[in-house]
$ cat input-v4.cif   # mmCIF, C-alpha atoms
data_final
#
loop_
_atom_site.label_atom_id
_atom_site.label_comp_id
_atom_site.auth_asym_id
_atom_site.auth_seq_id
_atom_site.Cartn_x
_atom_site.Cartn_y
_atom_site.Cartn_z
CA MET A 1 -85.43 5.63 15.26
CA LYS A 2 -85.69 8.37 12.69
CA CYS A 3 -83.08 10.26 14.62
CA LEU A 4 -80.82 7.24 14.46
CA GLN A 5 -81.30 6.97 10.70
CA THR A 6 -80.53 10.64 10.34
CA CYS A 7 -77.49 10.23 12.54
CA GLY A 8 -76.37 7.37 10.33
CA LEU A 9 -76.74 9.41 7.17
CA VAL A 10 -75.06 12.48 8.54
CA THR A 11 -72.20 10.54 9.99
CA GLY A 12 -71.89 8.72 6.68
CA PHE A 13 -71.38 12.09 5.12
CA LEU A 14 -68.99 13.13 7.85
CA PHE A 15 -67.08 10.01 7.01
CA PHE A 16 -66.98 10.99 3.35
CA ILE A 17 -65.51 14.39 4.02
CA SER A 18 -62.93 13.00 6.39
CA SER A 19 -61.74 10.13 4.29
CA GLY A 20 -60.55 11.86 1.16
CA SER A 21 -57.17 12.96 0.03
CA VAL A 22 -55.20 15.58 1.86
CA PHE A 23 -52.01 15.95 -0.13
CA ALA A 24 -51.81 17.34 -3.62
CA HIS A 25 -50.98 14.94 -6.39
CA ASP A 26 -52.93 12.37 -4.51
CA PRO A 27 -56.32 11.44 -5.96
CA VAL A 28 -59.29 13.68 -5.14
CA PHE A 29 -61.42 11.20 -3.16
CA SER A 30 -58.83 8.75 -1.92
CA PRO A 31 -55.36 8.96 -0.41
CA GLY A 32 -52.09 8.46 -2.23
CA PRO A 33 -48.59 8.04 -0.83
CA HIS A 34 -47.55 11.67 -1.33
CA VAL A 35 -46.00 13.59 1.55
CA LEU A 36 -44.49 17.05 1.84
CA PHE A 37 -40.82 17.97 1.57
CA LYS A 38 -39.01 18.32 4.89
CA GLU A 39 -40.05 21.48 6.77
CA GLY A 40 -42.58 22.25 4.05
CA ILE A 41 -45.96 23.73 4.91
CA GLU A 42 -49.17 22.97 3.10
CA VAL A 43 -52.23 25.19 3.33
CA LEU A 44 -55.39 23.75 1.85
CA VAL A 45 -58.87 25.19 1.59
CA ALA A 46 -61.50 22.70 0.47
CA THR A 47 -65.20 22.81 -0.15
CA ASP A 48 -67.40 19.76 -0.61
CA ARG A 49 -71.04 18.92 -1.20
CA GLU A 50 -73.08 15.74 -1.05
CA LYS A 51 -76.66 14.86 -1.86
CA ALA A 52 -78.42 11.63 -0.91
CA GLY A 53 -82.20 11.73 -1.30
CA GLN A 54 -83.43 14.66 0.78
CA GLU A 55 -80.11 14.95 2.59
CA LYS A 56 -77.82 17.75 1.49
CA ASN A 57 -74.53 18.45 3.19
CA SER A 58 -71.72 20.82 2.42
CA GLY A 59 -68.72 22.28 4.11
CA LEU A 60 -65.60 24.34 4.06
CA ASN A 61 -62.41 22.87 5.47
CA LEU A 62 -59.04 24.38 6.32
CA ASN A 63 -56.10 21.98 6.40
CA LEU A 64 -52.61 22.73 7.63
CA VAL A 65 -49.87 20.16 7.06
CA TYR A 66 -46.20 20.16 8.04
CA GLY A 67 -43.38 18.03 6.60
CA LEU A 68 -41.64 16.54 9.65
CA THR A 69 -39.18 14.71 7.38
CA SER A 70 -39.15 14.09 3.63
CA ASP A 71 -41.20 10.91 4.29
CA TRP A 72 -43.39 11.92 7.21
CA ALA A 73 -46.04 14.62 7.40
CA ALA A 74 -48.69 15.54 9.95
CA GLY A 75 -51.56 17.98 9.95
CA ILE A 76 -54.87 19.24 11.21
CA GLU A 77 -58.22 19.70 9.48
CA LEU A 78 -60.70 22.29 10.74
CA PRO A 79 -64.17 21.91 9.18
CA TYR A 80 -67.17 24.21 9.07
CA ARG A 81 -70.26 22.20 8.15
CA SER A 82 -73.76 22.79 6.83
CA ALA A 83 -76.37 20.03 6.93
CA ASP A 84 -79.91 19.81 5.59
CA ASN A 85 -82.04 16.68 6.11
CA GLY A 86 -85.02 18.00 4.19
CA LEU A 87 -86.80 19.11 7.38
CA ASP A 88 -84.16 20.93 9.38
CA LYS A 89 -80.95 22.75 8.64
CA SER A 90 -77.92 23.42 10.77
CA ASN A 91 -74.44 24.77 10.36
CA GLY A 92 -71.42 25.24 12.56
CA ILE A 93 -68.14 23.72 13.59
CA GLY A 94 -67.55 20.09 12.62
CA ASP A 95 -65.23 17.53 14.17
CA THR A 96 -61.55 18.49 14.10
CA ARG A 97 -59.27 15.88 12.53
CA LEU A 98 -55.64 15.13 13.19
CA PHE A 99 -53.75 13.10 10.64
CA THR A 100 -50.33 11.80 9.77
CA LYS A 101 -48.81 9.92 6.85
CA TYR A 102 -45.54 8.03 6.65
CA ARG A 103 -44.02 7.01 3.31
CA PHE A 104 -42.19 3.81 4.12
CA TRP A 105 -41.06 2.87 0.61
CA ARG A 106 -39.95 4.85 -2.43
CA ASN A 107 -38.40 3.82 -5.73
CA ASP A 108 -37.18 6.66 -7.96
CA SER A 109 -36.09 6.47 -11.58
CA LEU A 110 -35.92 9.01 -14.41
CA GLY A 111 -39.27 10.84 -14.45
CA VAL A 112 -40.91 8.17 -12.31
CA GLN A 113 -41.66 7.89 -8.62
CA GLU A 114 -43.21 4.79 -7.10
CA SER A 115 -44.01 4.80 -3.40
CA ALA A 116 -46.15 3.42 -0.59
CA ALA A 117 -47.33 4.96 2.65
CA VAL A 118 -49.38 4.27 5.76
CA LEU A 119 -51.71 6.86 7.20
CA LEU A 120 -53.56 7.46 10.43
CA LYS A 121 -56.38 9.89 11.07
CA VAL A 122 -58.14 10.63 14.35
CA MET A 123 -61.52 12.37 14.23
CA LEU A 124 -62.18 14.19 17.47
CA ASP A 125 -65.65 14.69 18.98
CA ASN A 126 -65.58 18.48 19.30
CA GLY A 127 -68.14 19.15 16.55
CA ASP A 128 -71.66 20.23 17.38
CA ASP A 129 -73.61 16.98 17.89
CA THR A 130 -76.55 18.64 19.63
CA SER A 131 -77.86 20.38 16.50
CA ASN A 132 -80.36 18.77 14.18
CA PRO A 133 -79.05 17.55 11.81
CA SER A 134 -75.92 16.79 13.78
CA LEU A 135 -72.66 18.40 12.66
CA GLY A 136 -70.42 16.17 14.77
CA THR A 137 -70.36 12.48 15.53
CA GLY A 138 -70.09 12.76 19.29
CA THR A 139 -67.40 10.08 19.18
CA THR A 140 -63.68 9.84 18.65
CA ASP A 141 -63.02 7.74 15.55
CA THR A 142 -59.83 6.48 13.96
CA LEU A 143 -58.91 5.64 10.41
CA LEU A 144 -55.94 3.54 9.39
CA GLY A 145 -54.90 3.20 5.76
CA PHE A 146 -52.38 2.07 3.21
CA ALA A 147 -51.69 3.75 -0.15
CA TYR A 148 -49.54 2.84 -3.14
CA GLY A 149 -48.79 5.12 -6.07
CA TYR A 150 -46.96 5.04 -9.40
CA GLU A 151 -46.36 8.44 -10.96
CA SER A 152 -44.64 9.16 -14.24
CA LEU A 153 -44.53 12.16 -16.51
CA LYS A 154 -47.40 10.63 -18.52
CA TRP A 155 -49.30 8.04 -16.44
CA TYR A 156 -50.47 7.75 -12.87
CA ARG A 157 -51.96 4.87 -10.92
CA TRP A 158 -52.84 4.54 -7.27
CA THR A 159 -54.57 2.11 -4.98
CA SER A 160 -55.51 2.41 -1.33
CA LEU A 161 -57.21 0.45 1.42
CA ARG A 162 -58.57 2.05 4.59
CA TYR A 163 -60.40 0.93 7.68
CA ARG A 164 -62.38 3.24 9.93
CA ARG A 165 -63.10 2.28 13.52
CA ASN A 166 -65.93 4.31 15.03
CA GLY A 167 -66.42 5.04 18.71
CA GLU A 168 -69.61 4.87 20.77
CA ASN A 169 -71.42 8.04 21.76
CA ALA A 170 -72.96 8.92 25.11
CA ALA A 171 -76.34 7.49 24.04
CA GLY A 172 -74.81 4.07 23.33
CA LEU A 173 -74.88 4.46 19.55
CA ARG A 174 -71.91 3.11 17.65
CA ARG A 175 -71.83 3.73 13.92
CA GLY A 176 -70.62 0.76 11.92
CA ASP A 177 -66.97 0.41 11.05
CA LYS A 178 -66.12 0.89 7.42
CA TRP A 179 -63.74 -0.48 4.78
CA LEU A 180 -62.74 1.60 1.77
CA LEU A 181 -61.01 0.38 -1.35
CA ASP A 182 -59.86 2.65 -4.19
CA PHE A 183 -58.36 2.17 -7.64
CA VAL A 184 -57.26 5.24 -9.58
CA VAL A 185 -55.69 6.00 -12.95
CA GLY A 186 -54.46 9.35 -14.20
CA ILE A 187 -53.07 10.74 -17.42
CA ARG A 188 -51.21 13.94 -18.18
CA PRO A 189 -52.26 14.96 -21.72
CA LYS A 190 -49.24 17.21 -22.21
CA LEU A 191 -45.72 16.65 -20.88
CA PRO A 192 -45.00 18.97 -17.93
CA ILE A 193 -42.60 21.90 -17.99
CA TYR A 194 -41.46 23.33 -14.70
CA LEU A 195 -43.03 26.72 -13.87
CA LYS A 196 -45.71 26.15 -16.52
CA ALA A 197 -49.30 25.14 -15.79
CA ASP A 198 -49.77 21.38 -15.57
CA THR A 199 -52.96 19.32 -15.83
CA VAL A 200 -53.62 15.69 -14.88
CA LEU A 201 -56.95 13.97 -15.55
CA ILE A 202 -58.01 11.31 -13.06
CA LEU A 203 -60.59 8.55 -12.91
CA GLU A 204 -61.26 6.89 -9.56
CA LEU A 205 -63.23 3.81 -8.60
CA ASN A 206 -64.14 4.15 -4.91
CA GLY A 207 -65.74 1.34 -2.94
CA GLU A 208 -67.20 1.61 0.57
CA GLN A 209 -68.46 -1.22 2.74
CA GLY A 210 -70.03 -0.23 6.05
CA GLN A 211 -71.11 -2.50 8.89
CA ARG A 212 -74.43 -1.97 10.67
CA ALA A 213 -74.58 0.61 13.42
CA GLU A 214 -75.32 -0.66 16.92
CA LEU A 215 -77.38 0.83 19.71
CA ASN A 216 -76.36 -0.61 23.06
CA GLY A 217 -75.06 -3.68 21.26
CA MET A 218 -78.16 -4.20 19.07
CA ALA A 219 -77.63 -3.94 15.30
CA LEU A 220 -79.77 -1.33 13.53
CA ALA A 221 -81.49 -2.49 10.36
CA ASN A 222 -81.35 0.65 8.23
CA THR A 223 -77.63 1.21 8.44
CA GLY A 224 -74.52 -0.05 6.67
CA GLY A 225 -74.11 -1.55 3.24
CA THR A 226 -71.98 -1.19 0.16
CA GLU A 227 -71.59 1.60 -2.39
CA TRP A 228 -69.31 2.00 -5.39
CA PHE A 229 -68.55 5.30 -7.09
CA LEU A 230 -66.96 6.31 -10.36
CA SER A 231 -65.21 9.62 -9.87
CA PRO A 232 -63.73 11.75 -12.64
CA GLY A 233 -61.41 14.47 -11.41
CA VAL A 234 -58.66 16.84 -12.35
CA PHE A 235 -55.69 18.47 -10.78
CA TRP A 236 -54.16 21.59 -12.14
CA THR A 237 -50.95 23.03 -10.78
CA LEU A 238 -48.74 26.04 -11.28
CA ARG A 239 -45.44 25.96 -9.39
CA ASN A 240 -46.49 25.70 -5.72
CA PHE A 241 -50.24 26.21 -6.22
CA ALA A 242 -52.72 23.42 -6.99
CA VAL A 243 -56.41 23.11 -7.74
CA LYS A 244 -58.10 19.73 -7.39
CA ALA A 245 -61.70 18.94 -8.24
CA GLY A 246 -63.87 15.91 -8.77
CA ILE A 247 -67.35 14.44 -8.67
CA GLN A 248 -68.37 11.02 -7.36
CA PHE A 249 -71.21 9.30 -9.19
CA PRO A 250 -72.72 6.17 -7.61
CA ILE A 251 -72.57 3.17 -9.95
CA ALA A 252 -73.60 0.35 -7.62
CA SER A 253 -75.34 0.32 -4.27
CA ASN A 254 -76.42 -2.37 -1.82
CA LEU A 255 -77.46 -0.56 1.33
CA ASN A 256 -79.10 -2.41 4.22
CA GLY A 257 -82.78 -1.71 4.89
CA ARG A 258 -84.26 1.62 3.88
CA GLN A 259 -81.63 4.26 3.28
CA PRO A 260 -81.44 6.93 0.58
CA GLU A 261 -78.76 6.14 -1.97
CA SER A 262 -76.10 8.72 -2.75
CA ASP A 263 -76.88 11.02 -5.67
CA TYR A 264 -73.46 12.64 -5.98
CA ARG A 265 -70.54 13.97 -4.01
CA ALA A 266 -68.34 16.82 -5.19
CA LYS A 267 -65.13 18.37 -3.96
CA LEU A 268 -62.97 21.37 -4.82
CA GLU A 269 -59.59 22.07 -3.21
CA LEU A 270 -57.13 24.94 -3.41
CA GLU A 271 -53.67 24.15 -2.12
CA TRP A 272 -50.41 25.97 -1.55
CA HIS A 273 -47.01 24.55 -0.69
CA LEU A 274 -44.84 26.96 1.22
CA MET B 1 -2.51 60.36 -19.73
CA LYS B 2 -5.46 60.75 -17.35
CA GLY B 3 -7.75 59.56 -20.11
CA MET B 4 -5.61 56.45 -20.62
CA ILE B 5 -5.71 55.64 -16.90
CA LEU B 6 -9.47 56.13 -16.82
CA LEU B 7 -9.94 53.90 -19.87
CA ALA B 8 -7.69 51.22 -18.39
CA SER B 9 -9.57 51.35 -15.11
CA MET B 10 -12.90 50.99 -16.86
CA LEU B 11 -11.63 48.06 -18.90
CA TRP B 12 -10.34 46.40 -15.74
CA ILE B 13 -13.66 46.86 -13.96
CA TRP B 14 -15.56 45.58 -17.01
CA SER B 15 -13.39 42.50 -17.34
CA ALA B 16 -13.56 41.75 -13.63
CA THR B 17 -17.37 41.98 -13.75
CA ALA B 18 -17.65 40.01 -16.97
CA PHE B 19 -15.60 37.09 -15.77
CA ALA B 20 -16.72 37.12 -12.16
CA VAL B 21 -19.01 34.14 -12.59
CA GLY B 22 -19.71 31.25 -10.32
CA ILE B 23 -20.07 27.57 -10.89
CA GLN B 24 -23.01 25.85 -12.51
CA TYR B 25 -23.89 22.49 -11.00
CA ASN B 26 -25.88 19.99 -13.04
CA LEU B 27 -27.75 17.61 -10.77
CA ARG B 28 -29.24 14.41 -12.17
CA VAL B 29 -32.26 13.69 -10.01
CA ASP B 30 -34.55 10.66 -10.15
CA GLY B 31 -38.22 10.70 -9.17
CA LEU B 32 -39.12 14.06 -10.72
CA SER B 33 -42.52 13.13 -12.09
CA CYS B 34 -44.47 16.35 -11.59
CA PRO B 35 -43.72 20.10 -11.48
CA PHE B 36 -45.74 20.67 -8.30
CA CYS B 37 -43.66 18.11 -6.41
CA ALA B 38 -40.42 19.51 -7.87
CA TYR B 39 -41.14 22.79 -6.11
CA GLY B 40 -39.66 21.20 -2.98
CA ILE B 41 -36.27 20.96 -4.70
CA GLU B 42 -36.40 24.58 -5.81
CA LYS B 43 -37.33 25.65 -2.29
CA LYS B 44 -34.56 23.60 -0.65
CA LEU B 45 -31.84 24.72 -3.06
CA THR B 46 -32.72 28.41 -3.13
CA ARG B 47 -32.51 28.46 0.66
CA SER B 48 -28.78 27.68 0.37
CA GLU B 49 -26.63 30.79 0.73
CA GLY B 50 -25.00 31.67 -2.60
CA VAL B 51 -27.48 30.00 -4.94
CA GLU B 52 -28.43 32.40 -7.73
CA SER B 53 -30.93 30.35 -9.67
CA VAL B 54 -32.44 26.89 -10.00
CA ILE B 55 -33.72 25.56 -13.32
CA ILE B 56 -35.52 22.21 -13.48
CA ASP B 57 -35.93 20.04 -16.58
CA LEU B 58 -38.36 17.28 -15.63
CA GLU B 59 -37.97 15.26 -18.84
CA LYS B 60 -34.22 14.99 -18.45
CA GLY B 61 -34.32 14.71 -14.65
CA LEU B 62 -31.94 17.64 -14.57
CA VAL B 63 -31.66 20.38 -11.95
CA ILE B 64 -29.32 23.21 -12.92
CA VAL B 65 -28.02 25.21 -9.97
CA LYS B 66 -26.13 28.46 -10.63
CA VAL B 67 -24.14 29.82 -7.72
CA LYS B 68 -22.37 33.09 -7.01
CA GLU B 69 -18.64 33.51 -7.59
CA GLY B 70 -16.52 32.00 -4.85
CA ILE B 71 -19.27 29.71 -3.62
CA THR B 72 -18.87 25.96 -3.87
CA PHE B 73 -21.01 23.06 -2.72
CA THR B 74 -20.16 19.45 -2.09
CA GLU B 75 -22.06 16.49 -3.49
CA ALA B 76 -23.03 15.57 0.09
CA HIS B 77 -24.67 18.99 0.49
CA PHE B 78 -26.74 18.48 -2.65
CA LYS B 79 -27.59 14.91 -1.66
CA LYS B 80 -29.02 16.07 1.67
CA LEU B 81 -31.13 18.80 0.07
CA VAL B 82 -32.46 16.48 -2.64
CA ASP B 83 -33.21 13.80 -0.02
CA ASP B 84 -35.05 16.37 2.12
CA ALA B 85 -37.14 17.29 -0.91
CA GLY B 86 -38.12 13.63 -1.34
CA PHE B 87 -36.09 12.64 -4.42
CA THR B 88 -32.91 10.71 -5.30
CA LEU B 89 -29.68 12.39 -6.41
CA LYS B 90 -27.94 10.30 -9.07
CA SER B 91 -24.94 12.48 -9.95
CA VAL B 92 -23.48 15.99 -9.81
CA THR B 93 -21.31 17.59 -12.49
CA GLU B 94 -19.76 21.05 -12.60
CA ALA B 95 -19.70 23.43 -15.52
CA SER B 96 -18.55 27.02 -15.91
CA GLN B 97 -21.37 29.49 -16.44
#

$ encode --input "input-v4.cif" --output "C-alpha cells"
Amino acid sequence: MKCLQTCGLVTGFLFFISSGSVFAHDPVFSPGPHVLFKEGIEVLVATDREKAGQEKNSGLNLNLVYGLTSDWAAGIELPYRSADNGLDKSNGIGDTRLFTKYRFWRNDSLGVQESAAVLLKVMLDNGDDTSNPSLGTGTTDTLLGFAYGYESLKWYRWTSLRYRRNGENAAGLRRGDKWLLDFVVGIRPKLPIYLKADTVLILELNGEQGQRAELNGMALANTGGTEWFLSPGVFWTLRNFAVKAGIQFPIASNLNGRQPESDYRAKLELEWHL
Amino acid sequence: MKGMILLASMLWIWSATAFAVGIQYNLRVDGLSCPFCAYGIEKKLTRSEGVESVIIDLEKGLVIVKVKEGITFTEAHFKKLVDDAGFTLKSVTEASQ
C-alpha cells in the first residue's frame, strides 16, 4: 500500500511537470493559446522542483517545438528526473511527451492579440518505472485542454481548462483522472520596445482536482483530492530569447485520506525561437 | 583635361551611389503585443531576398521594411509573410528612403 501511495505522489508530481506551459508568453504553470510562427523552431530547457512533505522531486527537460503553420505547432519533451521520497532516491530518464497545439481563433487589433487554442499531450510510458521512487508512470496518458488569452502592450489575462486521462499499468493500477483550471493576469510595468529587454509580471491561480486512483477497479483511499495554488511568476525576453520563472504556493488543499500536502513547486525555463 | 574627366567620373559614381536607394515599405500590422512574438515577423521578412532591414514599432503597430534598389514587393507577398508570422496586415504604404 505504501508503494501505491508513493506511486500516487510521484505520479502527481509527474503530472505537474507535464501539465505546465510549453510556449513562451504563455503563463509559467498553465497553458496559453500561443503558438510558433510558421516553420519556426523553439528550443526550451527547463528545470523544476517540487516538495511535498518528505517527497522532493526535480528535473531537467528539453523541449523542441516546430511551427507547422502560423496556428499549429507540435513538439516533444524529453525529461531527466530525480526523485527522493525521504527513504530512497532515484534519477534517470522520465516519460517522453508529445504535444500539439492548434490556435483556432484569433482577433488582432492595434497592440492587442486575443486568441484561443486547443491542445493535446500524450505522455508515453518509456520512463523508468522500476526504480524506487518511480521516474515513469508505466502508462500512456493523454491530456486535452483549452486555453484563451488576451494580450496587450500593458495587460495580459489567460484562462485554461484541461483534463488528463490516465492509463492503467501492468499491475492494474490506474491513477485518477484530473481536471485543471487556471486563471492568470499579467502586467508589463514598462511599455515594450523591439530589440530591448522586456519584462512581464504574472500572477496565476491554479486549481487541480484529482479523482481517486484505482487498483483493479477498487478505489484507493489515500489518493485524489483538490489543491489550489497561487503562483507569482515573471517572463523576461530579449529579441528571440526568453526566461520564464515562477513558484507555486498552495493556498487551499482538500486531499483524500492521508497524503502530504504540497509545500511548493518551482520552475525556470530558458527558451529560444529560431 | 584628364583631371576634369577624373573629377566628373568621381562625381558620377558618387551621385549614382548616393541616389541608388530602394523602397521603404511601411506595414501596419495588428496583433503586435509583445517584442518576443514580433521576432517571427522580423525572421519572415528578413528571409525575403532584397530586404535590407526591418524595424518594428510595437506601439504604433508599424513594421518598416527597407529593401535594396530595384527590388519591389507586392501587398500579397507581405500579407502572406505577416500571416505566417501569426499577425494581421492592415495596410502597406511605400516611401522613398

$ resolve_selection --input "input-v4.cif" --expression "the PyMOL selection byres ((chain A and resi 33-39) around 8)" --output "PyMOL selection string"
(chain A and resi 23-26+31-32+40-42+66-73+101-103+115-118+147-149) or (chain B and resi 40+84-86)

$ residues_around --input "input-v4.cif" --residues "A:Arg174" --least-positions-apart "3" --cutoff "12 Å" --atoms "only C-alpha atoms" --output "JSON list (two decimals) with C-alpha atoms, in the frame of the given file"
[["chain", "number", "residue", "atom", "x", "y", "z"],
["A", 4, "LEU", "CA", -80.82, 7.24, 14.46],
["A", 7, "CYS", "CA", -77.49, 10.23, 12.54],
["A", 8, "GLY", "CA", -76.37, 7.37, 10.33],
["A", 11, "THR", "CA", -72.20, 10.54, 9.99],
["A", 137, "THR", "CA", -70.36, 12.48, 15.53],
["A", 138, "GLY", "CA", -70.09, 12.76, 19.29],
["A", 139, "THR", "CA", -67.40, 10.08, 19.18],
["A", 140, "THR", "CA", -63.68, 9.84, 18.65],
["A", 141, "ASP", "CA", -63.02, 7.74, 15.55],
["A", 165, "ARG", "CA", -63.10, 2.28, 13.52],
["A", 166, "ASN", "CA", -65.93, 4.31, 15.03],
["A", 167, "GLY", "CA", -66.42, 5.04, 18.71],
["A", 168, "GLU", "CA", -69.61, 4.87, 20.77],
["A", 169, "ASN", "CA", -71.42, 8.04, 21.76],
["A", 170, "ALA", "CA", -72.96, 8.92, 25.11],
["A", 171, "ALA", "CA", -76.34, 7.49, 24.04],
["A", 177, "ASP", "CA", -66.97, 0.41, 11.05],
["A", 178, "LYS", "CA", -66.12, 0.89, 7.42],
["A", 211, "GLN", "CA", -71.11, -2.50, 8.89],
["A", 212, "ARG", "CA", -74.43, -1.97, 10.67],
["A", 213, "ALA", "CA", -74.58, 0.61, 13.42],
["A", 214, "GLU", "CA", -75.32, -0.66, 16.92],
["A", 215, "LEU", "CA", -77.38, 0.83, 19.71],
["A", 216, "ASN", "CA", -76.36, -0.61, 23.06],
["A", 217, "GLY", "CA", -75.06, -3.68, 21.26],
["A", 218, "MET", "CA", -78.16, -4.20, 19.07],
["A", 219, "ALA", "CA", -77.63, -3.94, 15.30],
["A", 220, "LEU", "CA", -79.77, -1.33, 13.53],
["A", 223, "THR", "CA", -77.63, 1.21, 8.44],
["A", 224, "GLY", "CA", -74.52, -0.05, 6.67]]

$ resolve_selection --input "input-v4.cif" --expression "the PyMOL selection byres ((chain B) within 9 of (chain A))" --output "ChimeraX atom specification"
/B:28-41,43-44,55-61,83-88

$ closest_residue --input "input-v4.cif" --among "B:Val51, B:Gln24, B:Lys80, B:Thr46" --to "B:Ile64" --atoms "all atoms listed in the file"
B:Gln24

$ closest_residue --input "input-v4.cif" --among "B:Phe73, B:Lys68, B:Val63, B:Tyr25" --to "B:Glu42" --atoms "all atoms listed in the file"
B:Val63

$ resolve_selection --input "input-v4.cif" --expression "the PyMOL selection byres ((chain B and resi 71) around 9)" --output "number ranges by chain"
B: 22-23, 49-51, 67-70, 72-73

$ write_last_selection --input "input-v4.cif" --atoms "C-alpha atoms" --output "PDB file, keeping the file's coordinate frame"
ATOM      1  CA  GLY B  22     -19.710  31.250 -10.320  1.00  0.00           C
ATOM      2  CA  ILE B  23     -20.070  27.570 -10.890  1.00  0.00           C
ATOM      3  CA  GLU B  49     -26.630  30.790   0.730  1.00  0.00           C
ATOM      4  CA  GLY B  50     -25.000  31.670  -2.600  1.00  0.00           C
ATOM      5  CA  VAL B  51     -27.480  30.000  -4.940  1.00  0.00           C
ATOM      6  CA  VAL B  67     -24.140  29.820  -7.720  1.00  0.00           C
ATOM      7  CA  LYS B  68     -22.370  33.090  -7.010  1.00  0.00           C
ATOM      8  CA  GLU B  69     -18.640  33.510  -7.590  1.00  0.00           C
ATOM      9  CA  GLY B  70     -16.520  32.000  -4.850  1.00  0.00           C
ATOM     10  CA  THR B  72     -18.870  25.960  -3.870  1.00  0.00           C
ATOM     11  CA  PHE B  73     -21.010  23.060  -2.720  1.00  0.00           C
TER      12      PHE B  73
END

$ atom_distance --input "input-v4.cif" --atom1 "atom CA of A:Lys89" --atom2 "atom CA of A:Ala266"
19.6 Å

$ atom_distance --input "input-v4.cif" --atom1 "atom CA of A:Phe249" --atom2 "atom CA of A:Phe99"
26.7 Å

$ residues_around --input "input-v4.cif" --residues "A:Leu201" --least-positions-apart "4" --cutoff "10 Å" --atoms "all atoms listed in the file" --output "PyMOL selection string"
chain A and resi 27+155-156+185-189+232-236+246

$ residues_near_point --input "input-v4.cif" --point "(-55.8, 19.1, 9.3)" --cutoff "6 Å" --atoms "all atoms listed in the file" --output "list in words"
Asn63, Leu64, Gly75, Ile76, Glu77, Arg97 and Leu98 of chain A

$ atom_distance --input "input-v4.cif" --atom1 "atom CA of A:Ser58" --atom2 "atom CA of A:Leu268"
11.4 Å

$ closest_residue --input "input-v4.cif" --among "A:Ser131, A:Glu50, A:Lys267, A:Gly172" --to "A:Ile247" --atoms "all atoms listed in the file"
A:Lys267

$ residues_around --input "input-v4.cif" --residues "A:Pro133" --least-positions-apart "6" --cutoff "7 Å" --atoms "only C-alpha atoms" --output "compact mmCIF listing (two decimals) with C-alpha atoms, keeping the file's coordinate frame"
# COMPACT_ATOMS: atom_id res chain seq x y z
CA ALA A 83 -76.37 20.03 6.93
CA ASP A 84 -79.91 19.81 5.59
CA ASN A 85 -82.04 16.68 6.11
CA ASP A 88 -84.16 20.93 9.38
CA LYS A 89 -80.95 22.75 8.64
CA SER A 90 -77.92 23.42 10.77

$ decode --input "input-v4.cif" --residues "stretch 34-38 of chain B" --atoms "all heavy atoms" --output "PDB file, in the first residue's frame"
ATOM      1  N   CYS B  34       3.761  41.942 -28.156  1.00  0.00           N
ATOM      2  CA  CYS B  34       4.986  41.696 -27.391  1.00  0.00           C
ATOM      3  C   CYS B  34       6.189  41.581 -28.336  1.00  0.00           C
ATOM      4  O   CYS B  34       6.054  41.103 -29.465  1.00  0.00           O
ATOM      5  CB  CYS B  34       4.860  40.453 -26.528  1.00  0.00           C
ATOM      6  SG  CYS B  34       5.061  38.904 -27.387  1.00  0.00           S
ATOM      7  N   PRO B  35       7.358  42.031 -27.877  1.00  0.00           N
ATOM      8  CA  PRO B  35       8.544  42.005 -28.749  1.00  0.00           C
ATOM      9  C   PRO B  35       9.024  40.599 -29.072  1.00  0.00           C
ATOM     10  O   PRO B  35       9.520  40.350 -30.169  1.00  0.00           O
ATOM     11  CB  PRO B  35       9.596  42.779 -27.953  1.00  0.00           C
ATOM     12  CG  PRO B  35       9.100  42.847 -26.558  1.00  0.00           C
ATOM     13  CD  PRO B  35       7.622  42.703 -26.602  1.00  0.00           C
ATOM     14  N   PHE B  36       8.854  39.669 -28.126  1.00  0.00           N
ATOM     15  CA  PHE B  36       9.301  38.296 -28.352  1.00  0.00           C
ATOM     16  C   PHE B  36       8.497  37.642 -29.486  1.00  0.00           C
ATOM     17  O   PHE B  36       9.049  36.925 -30.323  1.00  0.00           O
ATOM     18  CB  PHE B  36       9.136  37.497 -27.052  1.00  0.00           C
ATOM     19  CG  PHE B  36       9.721  36.115 -27.084  1.00  0.00           C
ATOM     20  CD1 PHE B  36      11.086  35.922 -27.222  1.00  0.00           C
ATOM     21  CD2 PHE B  36       8.915  35.007 -26.969  1.00  0.00           C
ATOM     22  CE1 PHE B  36      11.631  34.647 -27.249  1.00  0.00           C
ATOM     23  CE2 PHE B  36       9.449  33.730 -26.983  1.00  0.00           C
ATOM     24  CZ  PHE B  36      10.813  33.553 -27.127  1.00  0.00           C
ATOM     25  N   CYS B  37       7.192  37.946 -29.504  1.00  0.00           N
ATOM     26  CA  CYS B  37       6.332  37.375 -30.553  1.00  0.00           C
ATOM     27  C   CYS B  37       6.639  38.045 -31.903  1.00  0.00           C
ATOM     28  O   CYS B  37       6.530  37.417 -32.958  1.00  0.00           O
ATOM     29  CB  CYS B  37       4.865  37.585 -30.225  1.00  0.00           C
ATOM     30  SG  CYS B  37       4.492  37.393 -28.484  1.00  0.00           S
ATOM     31  N   ALA B  38       6.986  39.331 -31.850  1.00  0.00           N
ATOM     32  CA  ALA B  38       7.246  40.082 -33.086  1.00  0.00           C
ATOM     33  C   ALA B  38       8.492  39.579 -33.807  1.00  0.00           C
ATOM     34  O   ALA B  38       8.691  39.885 -34.988  1.00  0.00           O
ATOM     35  CB  ALA B  38       7.393  41.566 -32.764  1.00  0.00           C
TER      36      ALA B  38
END
